[in-house]
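query.cif, holding mmCIF, C-alpha atoms:
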```cif
data_upload
#
loop_
_atom_site.group_PDB
_atom_site.id
_atom_site.type_symbol
_atom_site.label_atom_id
_atom_site.label_comp_id
_atom_site.auth_asym_id
_atom_site.auth_seq_id
_atom_site.Cartn_x
_atom_site.Cartn_y
_atom_site.Cartn_z
ATOM 1 C CA MET N 1241 -4.999 20.659 -12.336
ATOM 2 C CA ALA N 1242 -8.706 20.898 -11.410
ATOM 3 C CA GLU N 1243 -9.427 20.315 -7.731
ATOM 4 C CA ASN N 1244 -12.532 18.708 -6.236
ATOM 5 C CA ASN N 1245 -12.833 18.114 -2.485
ATOM 6 C CA GLY N 1246 -9.097 18.762 -2.373
ATOM 7 C CA MET N 1247 -8.491 15.912 -4.819
ATOM 8 C CA THR N 1248 -6.881 16.294 -8.203
ATOM 9 C CA HIS N 1249 -8.402 14.851 -11.370
ATOM 10 C CA ARG N 1250 -5.855 12.015 -11.171
ATOM 11 C CA GLN N 1251 -6.784 11.219 -7.556
ATOM 12 C CA GLN N 1252 -10.510 11.182 -8.382
ATOM 13 C CA MET N 1253 -9.930 8.809 -11.300
ATOM 14 C CA LEU N 1254 -7.767 6.598 -9.095
ATOM 15 C CA ARG N 1255 -10.542 6.398 -6.448
ATOM 16 C CA LYS N 1256 -12.968 5.223 -9.114
ATOM 17 C CA ILE N 1257 -10.569 2.413 -10.139
ATOM 18 C CA GLN N 1258 -9.962 1.451 -6.502
ATOM 19 C CA MET N 1259 -13.720 1.197 -5.902
ATOM 20 C CA GLU N 1260 -14.488 -0.831 -9.022
ATOM 21 C CA ASP N 1261 -11.448 -3.099 -8.638
ATOM 22 C CA PHE N 1262 -12.425 -3.738 -5.032
ATOM 23 C CA ALA N 1263 -16.002 -4.647 -6.045
ATOM 24 C CA CYS N 1264 -14.586 -7.137 -8.593
ATOM 25 C CA PHE N 1265 -12.068 -8.626 -6.171
ATOM 26 C CA GLU N 1266 -14.602 -9.067 -3.384
ATOM 27 C CA ALA N 1267 -17.005 -10.795 -5.804
ATOM 28 C CA ALA N 1268 -14.113 -12.953 -7.061
ATOM 29 C CA LEU N 1269 -13.327 -14.281 -3.568
ATOM 30 C CA TYR N 1270 -17.016 -15.088 -3.086
ATOM 31 C CA LEU N 1271 -17.140 -16.829 -6.472
ATOM 32 C CA ASP N 1272 -14.059 -18.886 -5.589
ATOM 33 C CA THR N 1273 -16.277 -20.766 -3.115
ATOM 34 C CA HIS N 1274 -19.697 -20.251 -4.859
ATOM 35 C CA LYS N 1275 -18.830 -20.706 -8.515
ATOM 36 C CA THR N 1276 -22.364 -20.795 -9.938
ATOM 37 C CA ALA N 1277 -24.046 -18.087 -7.788
ATOM 38 C CA PRO N 1278 -26.036 -16.105 -10.419
ATOM 39 C CA ASP N 1279 -26.203 -12.816 -8.465
ATOM 40 C CA ALA N 1280 -22.453 -12.826 -7.826
ATOM 41 C CA LEU N 1281 -21.674 -13.649 -11.460
ATOM 42 C CA GLU N 1282 -23.875 -10.774 -12.630
ATOM 43 C CA TYR N 1283 -22.353 -8.399 -10.041
ATOM 44 C CA TYR N 1284 -18.864 -9.391 -11.183
ATOM 45 C CA ARG N 1285 -19.669 -8.812 -14.893
ATOM 46 C CA LYS N 1286 -21.172 -5.384 -14.148
ATOM 47 C CA HIS N 1287 -18.224 -4.164 -12.073
ATOM 48 C CA ALA N 1288 -15.583 -5.723 -14.329
ATOM 49 C CA LYS N 1289 -16.940 -3.584 -17.177
ATOM 50 C CA LEU N 1290 -16.920 -0.434 -14.994
ATOM 51 C CA ALA N 1291 -13.399 -1.250 -13.758
ATOM 52 C CA LYS N 1292 -12.131 -1.651 -17.318
ATOM 53 C CA GLU N 1293 -13.652 1.690 -18.364
ATOM 54 C CA ALA N 1294 -12.220 3.476 -15.299
ATOM 55 C CA ARG N 1295 -8.802 1.981 -15.944
ATOM 56 C CA GLU N 1296 -8.756 2.954 -19.624
ATOM 57 C CA ALA N 1297 -9.821 6.523 -18.779
ATOM 58 C CA TYR N 1298 -7.051 6.816 -16.166
ATOM 59 C CA ILE N 1299 -4.336 5.427 -18.427
ATOM 60 C CA ALA N 1300 -5.284 7.808 -21.266
ATOM 61 C CA HIS N 1301 -4.702 10.841 -18.993
ATOM 62 C CA HIS N 1302 -2.262 9.788 -16.297
ATOM 63 C CA GLY N 1303 -0.030 7.014 -17.590
ATOM 64 C CA PRO N 1304 0.336 3.284 -16.964
ATOM 65 C CA LEU N 1305 -1.115 1.428 -13.962
ATOM 66 C CA ASN N 1306 0.480 -1.830 -15.073
ATOM 67 C CA ILE N 1307 3.815 -2.012 -16.871
ATOM 68 C CA SER N 1308 1.995 -3.521 -19.875
ATOM 69 C CA ASP N 1309 -0.003 -0.257 -20.232
ATOM 70 C CA SER N 1310 3.223 1.562 -21.175
ATOM 71 C CA LYS N 1311 3.091 3.315 -24.544
ATOM 72 C CA ALA N 1312 6.929 3.420 -24.734
ATOM 73 C CA GLU N 1313 6.943 6.415 -27.110
ATOM 74 C CA SER N 1314 9.339 9.299 -26.370
ATOM 75 C CA SER N 1315 9.891 8.514 -22.682
ATOM 76 C CA TRP N 1316 9.480 5.570 -20.264
ATOM 77 C CA GLU N 1317 6.571 6.970 -18.223
ATOM 78 C CA TRP N 1318 6.221 3.847 -15.968
ATOM 79 C CA THR N 1319 8.747 5.272 -13.494
ATOM 80 C CA ASP N 1320 7.195 8.754 -13.359
ATOM 81 C CA GLY N 1321 6.197 9.585 -9.767
ATOM 82 C CA PRO N 1322 4.496 9.466 -7.414
ATOM 83 C CA TRP N 1323 4.548 5.780 -6.408
ATOM 84 C CA PRO N 1324 1.475 4.380 -4.612
ATOM 85 C CA TRP N 1325 2.788 4.547 -1.027
ATOM 86 C CA GLU N 1326 3.547 8.270 -1.244
ATOM 87 C CA TYR N 1327 1.218 10.816 0.377
ATOM 88 C CA SER N 1328 0.729 12.718 -2.882
ATOM 89 C CA ALA N 1329 -0.267 9.575 -4.818
ATOM 90 C CA ASN N 1330 -3.391 9.122 -2.708
ATOM 91 C CA MET O 825 3.435 -15.005 -11.756
ATOM 92 C CA TRP O 826 2.614 -11.629 -10.267
ATOM 93 C CA GLN O 827 2.407 -8.230 -11.899
ATOM 94 C CA TYR O 828 2.551 -4.930 -10.066
ATOM 95 C CA ASN O 829 -0.362 -2.511 -10.267
ATOM 96 C CA LYS O 830 0.635 1.050 -9.495
ATOM 97 C CA LYS O 831 -2.067 1.715 -6.896
ATOM 98 C CA LEU O 832 -2.879 0.768 -3.302
ATOM 99 C CA GLN O 833 -5.908 -1.480 -2.764
ATOM 100 C CA TYR O 834 -7.367 1.267 -0.521
ATOM 101 C CA PRO O 835 -6.003 4.827 -0.119
ATOM 102 C CA VAL O 836 -3.486 5.758 2.602
ATOM 103 C CA LYS O 837 -3.188 9.512 3.138
ATOM 104 C CA ILE O 838 -1.823 10.527 6.533
ATOM 105 C CA LYS O 839 -1.251 14.254 7.073
ATOM 106 C CA GLU O 840 0.570 14.220 10.432
ATOM 107 C CA PRO O 841 3.619 12.014 11.063
ATOM 108 C CA ASP O 842 3.520 10.122 14.391
ATOM 109 C CA PRO O 843 6.522 7.887 15.145
ATOM 110 C CA ALA O 844 4.973 6.410 18.330
ATOM 111 C CA LEU O 845 2.051 5.160 16.267
ATOM 112 C CA ALA O 846 4.336 3.898 13.481
ATOM 113 C CA LYS O 847 6.072 1.687 16.031
ATOM 114 C CA LEU O 848 2.772 0.038 16.983
ATOM 115 C CA ILE O 849 1.476 -0.427 13.451
ATOM 116 C CA LEU O 850 4.808 -1.910 12.366
ATOM 117 C CA THR O 851 3.677 -5.173 13.988
ATOM 118 C CA GLN O 852 1.136 -5.690 11.190
ATOM 119 C CA PHE O 853 4.093 -5.436 8.769
ATOM 120 C CA GLY O 854 6.443 -7.994 10.354
ATOM 121 C CA GLY O 855 4.776 -9.233 13.533
ATOM 122 C CA PRO O 856 3.313 -12.665 14.397
ATOM 123 C CA ASP O 857 -0.144 -11.917 12.933
ATOM 124 C CA GLY O 858 0.986 -9.407 10.326
ATOM 125 C CA GLU O 859 0.375 -9.121 6.608
ATOM 126 C CA LEU O 860 3.802 -10.379 5.477
ATOM 127 C CA GLY O 861 3.285 -13.624 7.411
ATOM 128 C CA ALA O 862 -0.285 -13.928 6.108
ATOM 129 C CA SER O 863 0.816 -13.653 2.478
ATOM 130 C CA GLN O 864 3.631 -16.189 2.897
ATOM 131 C CA ARG O 865 1.386 -18.590 4.857
ATOM 132 C CA TYR O 866 -1.309 -18.816 2.157
ATOM 133 C CA LEU O 867 1.027 -18.698 -0.818
ATOM 134 C CA SER O 868 3.179 -21.484 0.705
ATOM 135 C CA GLN O 869 0.227 -23.688 1.651
ATOM 136 C CA ARG O 870 -1.626 -23.612 -1.677
ATOM 137 C CA TYR O 871 0.431 -26.105 -3.710
ATOM 138 C CA GLY O 872 -0.838 -29.511 -2.651
ATOM 139 C CA ILE O 873 -4.417 -28.571 -1.714
ATOM 140 C CA PRO O 874 -6.747 -31.286 -3.123
ATOM 141 C CA SER O 875 -9.353 -28.838 -4.466
ATOM 142 C CA ALA O 876 -8.959 -26.472 -7.425
ATOM 143 C CA GLU O 877 -11.376 -23.965 -5.859
ATOM 144 C CA VAL O 878 -9.360 -23.822 -2.654
ATOM 145 C CA ARG O 879 -6.022 -23.624 -4.531
ATOM 146 C CA GLY O 880 -7.578 -20.595 -6.262
ATOM 147 C CA LEU O 881 -8.852 -19.076 -3.015
ATOM 148 C CA LEU O 882 -5.461 -19.371 -1.279
ATOM 149 C CA THR O 883 -3.786 -17.802 -4.327
ATOM 150 C CA ASP O 884 -6.263 -14.904 -4.375
ATOM 151 C CA ILE O 885 -6.265 -14.224 -0.618
ATOM 152 C CA GLY O 886 -2.449 -14.609 -0.523
ATOM 153 C CA THR O 887 -2.231 -12.041 -3.311
ATOM 154 C CA GLU O 888 -4.586 -9.658 -1.474
ATOM 155 C CA GLU O 889 -2.343 -9.982 1.610
ATOM 156 C CA LEU O 890 0.591 -8.737 -0.473
ATOM 157 C CA GLY O 891 -1.552 -5.671 -1.170
ATOM 158 C CA HIS O 892 -2.220 -5.296 2.572
ATOM 159 C CA PHE O 893 1.490 -5.642 3.287
ATOM 160 C CA GLU O 894 1.951 -2.686 0.950
ATOM 161 C CA MET O 895 -0.821 -0.666 2.672
ATOM 162 C CA ILE O 896 0.699 -1.244 6.133
ATOM 163 C CA SER O 897 4.108 -0.272 4.734
ATOM 164 C CA ALA O 898 2.558 2.915 3.308
ATOM 165 C CA ILE O 899 1.020 3.751 6.719
ATOM 166 C CA VAL O 900 4.361 3.268 8.529
ATOM 167 C CA TYR O 901 6.214 5.152 5.779
ATOM 168 C CA GLN O 902 3.859 8.138 5.912
ATOM 169 C CA LEU O 903 3.857 8.202 9.746
ATOM 170 C CA THR O 904 7.660 8.533 9.738
ATOM 171 C CA ARG O 905 8.028 11.255 7.096
ATOM 172 C CA ASN O 906 10.081 14.391 7.825
ATOM 173 C CA LEU O 907 10.894 13.522 11.429
ATOM 174 C CA SER O 908 13.292 15.580 13.488
ATOM 175 C CA VAL O 909 15.579 13.844 16.002
ATOM 176 C CA GLU O 910 13.412 15.457 18.725
ATOM 177 C CA ASP O 911 10.235 13.954 17.219
ATOM 178 C CA LEU O 912 11.607 10.444 17.069
ATOM 179 C CA LYS O 913 13.055 10.604 20.590
ATOM 180 C CA LYS O 914 9.747 11.883 21.950
ATOM 181 C CA GLY O 915 7.846 9.115 20.086
ATOM 182 C CA GLY O 916 10.093 6.335 21.433
ATOM 183 C CA PHE O 917 11.266 5.631 17.877
ATOM 184 C CA ASP O 918 14.981 6.101 18.666
ATOM 185 C CA ALA O 919 15.740 2.369 19.172
ATOM 186 C CA TYR O 920 14.252 1.549 15.738
ATOM 187 C CA TYR O 921 15.953 4.606 14.232
ATOM 188 C CA VAL O 922 19.428 3.612 15.314
ATOM 189 C CA ASP O 923 19.203 0.346 13.328
ATOM 190 C CA HIS O 924 16.986 1.311 10.396
ATOM 191 C CA THR O 925 16.763 5.160 10.309
ATOM 192 C CA THR O 926 13.216 5.437 8.871
ATOM 193 C CA GLY O 927 13.607 2.553 6.419
ATOM 194 C CA LEU O 928 10.886 -0.106 6.382
ATOM 195 C CA TYR O 929 11.999 -3.272 8.176
ATOM 196 C CA PRO O 930 9.631 -6.192 8.925
ATOM 197 C CA ALA O 931 9.585 -6.493 12.707
ATOM 198 C CA ASN O 932 6.988 -6.619 15.466
ATOM 199 C CA ALA O 933 6.090 -3.719 17.763
ATOM 200 C CA SER O 934 8.972 -4.524 20.131
ATOM 201 C CA GLY O 935 11.507 -4.758 17.298
ATOM 202 C CA VAL O 936 11.802 -8.564 16.917
ATOM 203 C CA PRO O 937 12.416 -9.316 13.212
ATOM 204 C CA PHE O 938 9.858 -11.183 11.088
ATOM 205 C CA SER O 939 10.076 -14.962 11.399
ATOM 206 C CA ALA O 940 8.578 -17.739 9.258
ATOM 207 C CA SER O 941 8.156 -19.651 12.534
ATOM 208 C CA THR O 942 4.966 -17.582 13.009
ATOM 209 C CA PHE O 943 3.164 -19.826 10.468
ATOM 210 C CA GLN O 944 2.981 -23.394 9.182
ATOM 211 C CA SER O 945 2.616 -25.189 5.878
ATOM 212 C CA THR O 946 1.838 -28.780 6.783
ATOM 213 C CA GLY O 947 0.823 -30.509 3.542
ATOM 214 C CA ASP O 948 -2.468 -31.354 5.259
ATOM 215 C CA SER O 949 -5.184 -29.064 3.946
ATOM 216 C CA LEU O 950 -7.573 -29.352 6.904
ATOM 217 C CA ALA O 951 -4.784 -28.564 9.369
ATOM 218 C CA ASP O 952 -3.639 -25.634 7.208
ATOM 219 C CA LEU O 953 -7.143 -24.204 6.762
ATOM 220 C CA THR O 954 -7.805 -24.509 10.502
ATOM 221 C CA GLU O 955 -4.634 -22.454 11.088
ATOM 222 C CA ASP O 956 -5.825 -19.948 8.460
ATOM 223 C CA LEU O 957 -9.134 -19.415 10.272
ATOM 224 C CA ALA O 958 -7.237 -18.689 13.504
ATOM 225 C CA ALA O 959 -4.783 -16.432 11.648
ATOM 226 C CA GLU O 960 -7.611 -14.241 10.350
ATOM 227 C CA GLN O 961 -9.081 -13.935 13.859
ATOM 228 C CA LYS O 962 -5.676 -13.027 15.324
ATOM 229 C CA ALA O 963 -5.085 -10.371 12.670
ATOM 230 C CA ARG O 964 -8.611 -9.001 13.270
ATOM 231 C CA LEU O 965 -8.033 -8.710 17.013
ATOM 232 C CA THR O 966 -4.667 -7.021 16.452
ATOM 233 C CA TYR O 967 -6.479 -4.402 14.332
ATOM 234 C CA ASP O 968 -9.081 -4.049 17.111
ATOM 235 C CA ASN O 969 -6.222 -3.447 19.587
ATOM 236 C CA ILE O 970 -4.698 -0.861 17.229
ATOM 237 C CA LEU O 971 -8.078 0.899 16.828
ATOM 238 C CA ARG O 972 -8.405 1.216 20.633
ATOM 239 C CA LEU O 973 -5.041 3.002 20.734
ATOM 240 C CA VAL O 974 -5.489 5.322 17.734
ATOM 241 C CA ASP O 975 -7.544 8.531 17.450
ATOM 242 C CA ASN O 976 -6.174 9.922 14.186
ATOM 243 C CA PRO O 977 -8.934 9.455 11.539
ATOM 244 C CA ASP O 978 -6.356 9.342 8.699
ATOM 245 C CA VAL O 979 -4.886 6.194 10.305
ATOM 246 C CA ARG O 980 -8.160 4.667 11.537
ATOM 247 C CA ASP O 981 -9.692 4.698 8.058
ATOM 248 C CA PRO O 982 -7.285 2.255 6.298
ATOM 249 C CA ILE O 983 -6.957 0.167 9.513
ATOM 250 C CA LYS O 984 -10.751 -0.266 9.591
ATOM 251 C CA PHE O 985 -10.643 -1.409 5.961
ATOM 252 C CA LEU O 986 -7.947 -3.998 6.775
ATOM 253 C CA ARG O 987 -9.893 -5.229 9.820
ATOM 254 C CA ALA O 988 -12.984 -5.783 7.670
ATOM 255 C CA ARG O 989 -10.955 -7.844 5.197
ATOM 256 C CA GLU O 990 -9.904 -10.262 7.967
ATOM 257 C CA ILE O 991 -13.592 -10.931 8.656
ATOM 258 C CA VAL O 992 -14.316 -11.644 4.975
ATOM 259 C CA HIS O 993 -11.285 -13.943 4.663
ATOM 260 C CA PHE O 994 -12.426 -15.859 7.757
ATOM 261 C CA GLN O 995 -15.787 -16.473 6.048
ATOM 262 C CA ARG O 996 -14.163 -17.675 2.826
ATOM 263 C CA PHE O 997 -11.730 -19.987 4.666
ATOM 264 C CA GLY O 998 -14.660 -21.523 6.560
ATOM 265 C CA GLU O 999 -16.300 -22.312 3.223
ATOM 266 C CA ALA O 1000 -13.014 -23.691 1.876
ATOM 267 C CA GLN O 1001 -12.680 -26.004 4.857
ATOM 268 C CA ARG O 1002 -16.222 -27.309 4.249
ATOM 269 C CA ILE O 1003 -15.526 -27.815 0.510
ATOM 270 C CA ILE O 1004 -12.405 -29.869 1.238
ATOM 271 C CA GLN O 1005 -14.061 -31.950 3.902
ATOM 272 C CA GLU O 1006 -16.993 -32.774 1.608
ATOM 273 C CA GLN O 1007 -14.773 -33.586 -1.365
ATOM 274 C CA LEU O 1008 -12.557 -35.912 0.644
ATOM 275 C CA ASP O 1009 -15.214 -37.943 2.393
ATOM 276 C CA SER O 1010 -18.697 -36.715 3.220
ATOM 277 C CA LYS O 1011 -18.797 -38.984 6.266
ATOM 278 C CA ASN O 1012 -15.544 -37.624 7.662
ATOM 279 C CA PHE O 1013 -17.067 -35.489 10.393
ATOM 280 C CA TYR O 1014 -14.084 -36.003 12.666
ATOM 281 C CA ALA O 1015 -12.173 -33.749 10.263
ATOM 282 C CA PHE O 1016 -8.899 -35.499 9.805
ATOM 283 C CA ASN O 1017 -7.365 -35.589 6.399
ATOM 284 C CA PRO O 1018 -4.951 -38.331 5.426
ATOM 285 C CA GLN O 1019 -3.926 -36.312 2.376
ATOM 286 C CA PHE O 1020 -0.448 -37.831 2.097
ATOM 287 C CA ASP O 1021 -1.816 -41.386 2.057
ATOM 288 C CA GLN O 1022 -4.540 -40.729 -0.530
ATOM 289 C CA ARG O 1023 -2.795 -38.820 -3.289
ATOM 290 C CA PRO O 1024 -4.511 -38.971 -6.669
ATOM 291 C CA ASN O 1025 -2.322 -38.204 -9.694
ATOM 292 C CA ARG O 1026 -2.142 -34.445 -10.022
#
```
Here is a file; write its structure as C-alpha cells.
Amino acid sequence: MAENNGMTHRQQMLRKIQMEDFACFEAALYLDTHKTAPDALEYYRKHAKLAKEAREAYIAHHGPLNISDSKAESSWEWTDGPWPWEYSAN
Amino acid sequence: MWQYNKKLQYPVKIKEPDPALAKLILTQFGGPDGELGASQRYLSQRYGIPSAEVRGLLTDIGTEELGHFEMISAIVYQLTRNLSVEDLKKGGFDAYYVDHTTGLYPANASGVPFSASTFQSTGDSLADLTEDLAAEQKARLTYDNILRLVDNPDVRDPIKFLRAREIVHFQRFGEAQRIIQEQLDSKNFYAFNPQFDQRPNR
C-alpha cells in the first residue's frame, strides 16, 4: 500500500474523516445552545458535506465504518481488523 | 440508541509502551474525574431536564465522553503492549498486573475501582448543571496534572486534545445553565430550581 509520511492510504483517509467529523461535532455542540447562529449553520453544512464525501470514499476502499455500511456480499467484512484502539489502526 | 463507528474521535498512536505512565492515565478511565464517570453523569442526568436544547446537549456531550472513554482506553492499552515481567515490575505495574494482567479495568491511579458515587443525578437541572461545570474543570485539571508528568509526545498529543474538549464542554454547560434559568423564570437570579414542584406535562 502507498505510504505518505509513514501513513498508509487507509490511515490518510481515516484522518480526513476524523477531521471533518470533528468539525461537524464541534459545530453541533455550539448549535445545541445557539440554534439560529447563521455562521455556525453554514459551517456545519459545509463540513457535513465534506464528512459525507470522506466517509463514502473510505468505505469504497477500506470497508465499513458503521455496521450499516456493510455490503454483506461474500464475507462479513465488519469484523476485519484492525479495531480502532489498535496501534496499526491509527 | 447508540451505534458504533469504527474509528477513534482523535488518533492514538503510541510507539513505546510505558506501564508507569499507563498506571497514571488509568485514572481518566475509571477515576473520580474520568471519562467513564463523565459519560454516565450526563447520560443519567438528561431525562427530566426542562429544556429540549439542554436534553440534546447532555445527550451529545455524554456521547462524546463515551468516545473519550475509548480514547483513554486506547492510550492505556497501547502503553501496556508487549510488556515483559521485568518491564511491569520496573514500572510499578505489578500490583495492577496481578489482578488484571494487562486487561482494561476502570479504576483510579491507586487501583480503587470506578464508583458511581463520584457523580450525582439529582432531578434538579440547575444543581446538575452546576455539578457538570465543576466536573469539566476537575477533568481539565487532571489532564493538566498528567501533562506535567508526561514527556512522550505520542501520549501528550491525544491528552492535549482531551484537555481542550473539557474547556469547550465547560463553555457549553455555562450556556445551558443560562438557558434553563431564563426559561424557568427570568427573575430567578438566586438560581434555585423547584423543578419537582413545577412539572409541566411532558
What is the CA of Asp1021 (chain O)-CA of Glu877 (chain O) distance in Å, reported with one decimal?
->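 CA of Asp1021 (chain O) sits 21.4 Å away from CA of Glu877 (chain O).
Put simply, CA of Ala1288 (chain N) is 25.4 Å away from CA of Asp981 (chain O).
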Skip Ile1257 (chain N) itself and residues of its chain fewer than 4 positions away, then list as a list of chain:residue names all residues within 7 Å of it, counting all atoms listed in the file.
-> N:Met1253, N:Asp1261, N:Ala1291, N:Ala1294, N:Arg1295
Requested write-out: C-alpha atoms of the selected residues, as a PDB file, in the coordinates of the input:
```
ATOM      1  CA  MET N1253      -9.930   8.809 -11.300  1.00  0.00           C
ATOM      2  CA  ASP N1261     -11.448  -3.099  -8.638  1.00  0.00           C
ATOM      3  CA  ALA N1291     -13.399  -1.250 -13.758  1.00  0.00           C
ATOM      4  CA  ALA N1294     -12.220   3.476 -15.299  1.00  0.00           C
ATOM      5  CA  ARG N1295      -8.802   1.981 -15.944  1.00  0.00           C
TER       6      ARG N1295
END
```
Target residues per the PyMOL selection byres ((chain N) within 7 of (chain O)), formatted as a ChimeraX atom specification = /N:1258,1269,1272-1273,1305-1306,1323-1325,1327,1330
Name the residues captured by the PyMOL selection byres ((chain O and resi 983) around 9) when it is applied to the shown file; answer as an NGL selection string.
-> :O and (896 or 967-968 or 970-971 or 979-982 or 984-988)
Give me the residues within 9 Å of Thr887 (chain O) as a compact mmCIF listing (two decimals) with C-alpha atoms, in the coordinates of the input, counting all atoms listed in the file and dropping any in the same chain fewer than 4 places off.
```
# COMPACT_ATOMS: atom_id res chain seq x y z
CA TRP O 826 2.61 -11.63 -10.27
CA SER O 863 0.82 -13.65 2.48
CA TYR O 866 -1.31 -18.82 2.16
CA LEU O 867 1.03 -18.70 -0.82
CA LEU O 882 -5.46 -19.37 -1.28
CA THR O 883 -3.79 -17.80 -4.33
CA GLY O 891 -1.55 -5.67 -1.17
CA HIS O 892 -2.22 -5.30 2.57
```
How big is the axis-aligned box, and where does its centre sit, when it encloses all atoms of region 1296-1315 of chain N listed in the file and has 5 Å added on every side, reported in Å to one decimal as lines of an AutoDock Vina configuration file?
```
center_x = 0.0
center_y = 3.7
center_z = -20.5
size_x = 29.7
size_y = 24.4
size_z = 23.1
```
Using the chain letters and numbers from the file, give me the residues hit by the PyMOL selection byres ((chain O and resi 938-955) around 9), as a PDB file with C-alpha atoms, in the coordinates of the input.
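Result file follows (selection.pdb):
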```pdb
ATOM      1  CA  PHE O 853       4.093  -5.436   8.769  1.00  0.00           C
ATOM      2  CA  GLY O 854       6.443  -7.994  10.354  1.00  0.00           C
ATOM      3  CA  GLY O 855       4.776  -9.233  13.533  1.00  0.00           C
ATOM      4  CA  PRO O 856       3.313 -12.665  14.397  1.00  0.00           C
ATOM      5  CA  ASP O 857      -0.144 -11.917  12.933  1.00  0.00           C
ATOM      6  CA  LEU O 860       3.802 -10.379   5.477  1.00  0.00           C
ATOM      7  CA  GLY O 861       3.285 -13.624   7.411  1.00  0.00           C
ATOM      8  CA  ALA O 862      -0.285 -13.928   6.108  1.00  0.00           C
ATOM      9  CA  GLN O 864       3.631 -16.189   2.897  1.00  0.00           C
ATOM     10  CA  ARG O 865       1.386 -18.590   4.857  1.00  0.00           C
ATOM     11  CA  TYR O 866      -1.309 -18.816   2.157  1.00  0.00           C
ATOM     12  CA  SER O 868       3.179 -21.484   0.705  1.00  0.00           C
ATOM     13  CA  GLN O 869       0.227 -23.688   1.651  1.00  0.00           C
ATOM     14  CA  ARG O 870      -1.626 -23.612  -1.677  1.00  0.00           C
ATOM     15  CA  TYR O 871       0.431 -26.105  -3.710  1.00  0.00           C
ATOM     16  CA  GLY O 872      -0.838 -29.511  -2.651  1.00  0.00           C
ATOM     17  CA  ILE O 873      -4.417 -28.571  -1.714  1.00  0.00           C
ATOM     18  CA  PRO O 874      -6.747 -31.286  -3.123  1.00  0.00           C
ATOM     19  CA  TYR O 929      11.999  -3.272   8.176  1.00  0.00           C
ATOM     20  CA  PRO O 930       9.631  -6.192   8.925  1.00  0.00           C
ATOM     21  CA  ALA O 931       9.585  -6.493  12.707  1.00  0.00           C
ATOM     22  CA  ASN O 932       6.988  -6.619  15.466  1.00  0.00           C
ATOM     23  CA  VAL O 936      11.802  -8.564  16.917  1.00  0.00           C
ATOM     24  CA  PRO O 937      12.416  -9.316  13.212  1.00  0.00           C
ATOM     25  CA  ASP O 956      -5.825 -19.948   8.460  1.00  0.00           C
ATOM     26  CA  LEU O 957      -9.134 -19.415  10.272  1.00  0.00           C
ATOM     27  CA  ALA O 958      -7.237 -18.689  13.504  1.00  0.00           C
ATOM     28  CA  ALA O 959      -4.783 -16.432  11.648  1.00  0.00           C
ATOM     29  CA  GLU O 960      -7.611 -14.241  10.350  1.00  0.00           C
ATOM     30  CA  PHE O 997     -11.730 -19.987   4.666  1.00  0.00           C
ATOM     31  CA  GLY O 998     -14.660 -21.523   6.560  1.00  0.00           C
ATOM     32  CA  ALA O1000     -13.014 -23.691   1.876  1.00  0.00           C
ATOM     33  CA  GLN O1001     -12.680 -26.004   4.857  1.00  0.00           C
ATOM     34  CA  ILE O1004     -12.405 -29.869   1.238  1.00  0.00           C
ATOM     35  CA  GLN O1005     -14.061 -31.950   3.902  1.00  0.00           C
ATOM     36  CA  ALA O1015     -12.173 -33.749  10.263  1.00  0.00           C
ATOM     37  CA  PHE O1016      -8.899 -35.499   9.805  1.00  0.00           C
ATOM     38  CA  ASN O1017      -7.365 -35.589   6.399  1.00  0.00           C
ATOM     39  CA  PRO O1018      -4.951 -38.331   5.426  1.00  0.00           C
ATOM     40  CA  GLN O1019      -3.926 -36.312   2.376  1.00  0.00           C
ATOM     41  CA  PHE O1020      -0.448 -37.831   2.097  1.00  0.00           C
TER      42      PHE O1020
END
```
Atomic distance CA of Glu990 (chain O) - CA of Leu965 (chain O), expressed in Å with one decimal |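 Between CA of Glu990 (chain O) and CA of Leu965 (chain O) the gap works out to 9.4 Å.
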Name the closest residue to Trp1316 (chain N) among the candidates N:Tyr1284, N:Ser1328, N:Pro1304, N:His1249; distances are taken between atoms, counting all atoms listed in the file.
-> N:Pro1304
Selected residue of minimal separation from Tyr1270 (chain N) among O:Ala846, O:Phe994, O:Ser875, O:Arg964, counting all atoms listed in the file =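 Using all atoms listed in the file, the shortest distance to Tyr1270 (chain N) belongs to O:Phe994.
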